[in-house]
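Read through the structure below, which is laid out as structure tokens, and then see the notes.
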Amino acid sequence: MSLSALTPSSPIVLIGAGKMGGALLTGWLASGLDPKAAIVVDPNPPEETRALLAKHGVEHRTSAPAGVAARVLLLAVKPQMMGTALPAVRDLIGPGTVTVSIAAGTTLATLEAALGGAIVRAMPNTPAQVGRGMTGAFANPAVTAEDRELVGALLSAVGEFGWVGSEGLIDTVTAVSGSGPAYVFLLAEYLAKAGVEAGFSPEQAERFARQTIVGAGELLNQSPLPADILRKNVTSPGGTTAAALNVLMAEDGIEPILTRAVAAAKQRAQELAG
Ligand SMILES: NC(=O)C1=CN([C@@H]2O[C@H](COP(=O)(O)OP(=O)(O)OC[C@H]3O[C@@H](n4cnc5c(N)ncnc54)[C@H](OP(=O)(O)O)[C@@H]3O)[C@@H](O)[C@H]2O)C=CC1
Ligand SMILES: O=C(O)[C@@H]1CCC=N1
């Protein structure tokens with residue numbers, strides 16, 4: 001099913017159009033969503049979203065409109081705002097509505113108690129802003145095959161998309177790919193800092209570190225080889241990379257740290273569930 005299933009009388013209503021909501025809307029519009037088939041509800045959208053709404057003529061409301069039954073209700077507010085947001089959007093739900101929440105931690109049980117009906121929990125990430133996201137999703141039993149197709153089309157509009165087999169795995173998606181871009185950006189920051197230590201100017205360090213992450217990511221993207229082989233291809237026996245990897249792959253190196261970081265993110269997702 002394509003986004004043409006969404007029409008002015010059967011619209012998608014986006015609640016919260018900040019970083020993620022704005023990225024999703026950008027992808028939908030680029031994938032052919034009729035701007036008249038979208039309504040955005042956000043009391044205070046950021047400047048980029050305001051420009052996007054103005055450019056495409058998408059209807060913007062500061063609170064949920066009356067008399068609208070959404071085909072898709074997409075919740076993209078912070079988990080901490082859900083308590084306020086959920087009662088305010090209940091009237092947007094009709095018999096054919098599928099609700100999609102991208103909030104970290106907010107459970108299907110919470111969403112079902114507040115809204116009922118067909119509900120999907122999804123977890124995208126910020127590379128969705130450039131159409132290179134990774135999104136995982138899990139649906140409750142009320143979600144129909146048609147809903148799944150439509151939700152899949154919406155989430156595929158900003159990158160890769162896949163259903164996961166249990167709700168618990170959404171917290172794993174959150175910890176690995178939802179938060180994951182931050183881990184990669186931190187690596188870019190620290191590589192640049194280490195470059196300064198090793199003699200670069202800050203500008204040089206930023207350029208060489210950034211392009212290394214970009215280039216390695218693109219090689220990983222284009223190559224059929226798995227990450228460990230690509231790593232080994234950089235590593236000459238007895239060479240410079242081996243010297244660095246001896247540090248990074250030591251017992252107290254990057255693996256236990258990353259494992260702890262992902263576990264901490266997953267635990268926080270579970271805490272956000274309340
Ligand atoms: N950022 C990320 O990397 C990812 C975030 N997520 C999830 O996406 C959700 C949104 O995150 P993000 O886009 O980063 O957050 P943002 O703060 O950028 O966007 C949320 C937007 O919703 C607005 N808002 C607040 N309350 C309401 C309301 N009651 N009704 C409508 N709009 C409201 C906010 O306005 P105001 O600023 O005035 O509060 C803001 O414009 C979160 O639940 C997060 O867990 C999921 C994947 C990745
Ligand atoms: O930090 C967070 O809670 C959100 C969810 C995944 C990425 N950002």
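For the structure tokens, the naming scheme is as follows: chains receive sequential letters (A, B, ...) according to their order of presentation, residues are indexed from 1 within each chain, and ligands are indexed from 1 in presentation order.
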*For ligand 2, list the contacting residues at 12 Å or closer, counting only C-alpha atoms and all ligand atoms, as a PyMOL selection string.*
chain A and resi 19-20+76-80+101-106+122-128+133-136+170-183+262+264-273
*Within 12 Å of Glu47 (chain A) using only C-alpha atoms, minus same-chain residues under 2 positions, as a PyMOL selection string*: chain A and resi 17-19+22+44-45+49-54
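Shell of region 82-89 of chain A at 10 Å, with only C-alpha atoms counted and residues fewer than 6 places along the chain excluded, is Val13, Ile15, Gly16, Val41, Ser63, Ala64, Pro65, Ala66, Leu73, Leu75, Ala76, Ser101, Ala103, Thr106, Thr110, Leu111, Ala113, Ala114 and Leu115 of chain A.
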*Between CA of Ala194 (chain A) and CA of Ala242 (chain A), what is the distance, to one decimal in Å?*
17.1 Å
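Rounded to one decimal, CA of Gln222 (chain A) and CA of Arg132 (chain A) lie 13.3 Å from each other.
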*Just asking: which residues within region 20-232 of chain A are strand (DSSP E) according to DSSP, as a VMD selection string?*
chain A and resid 38 to 41 59 to 61 70 to 75 93 to 101 118 to 123 133 to 139 159 to 163
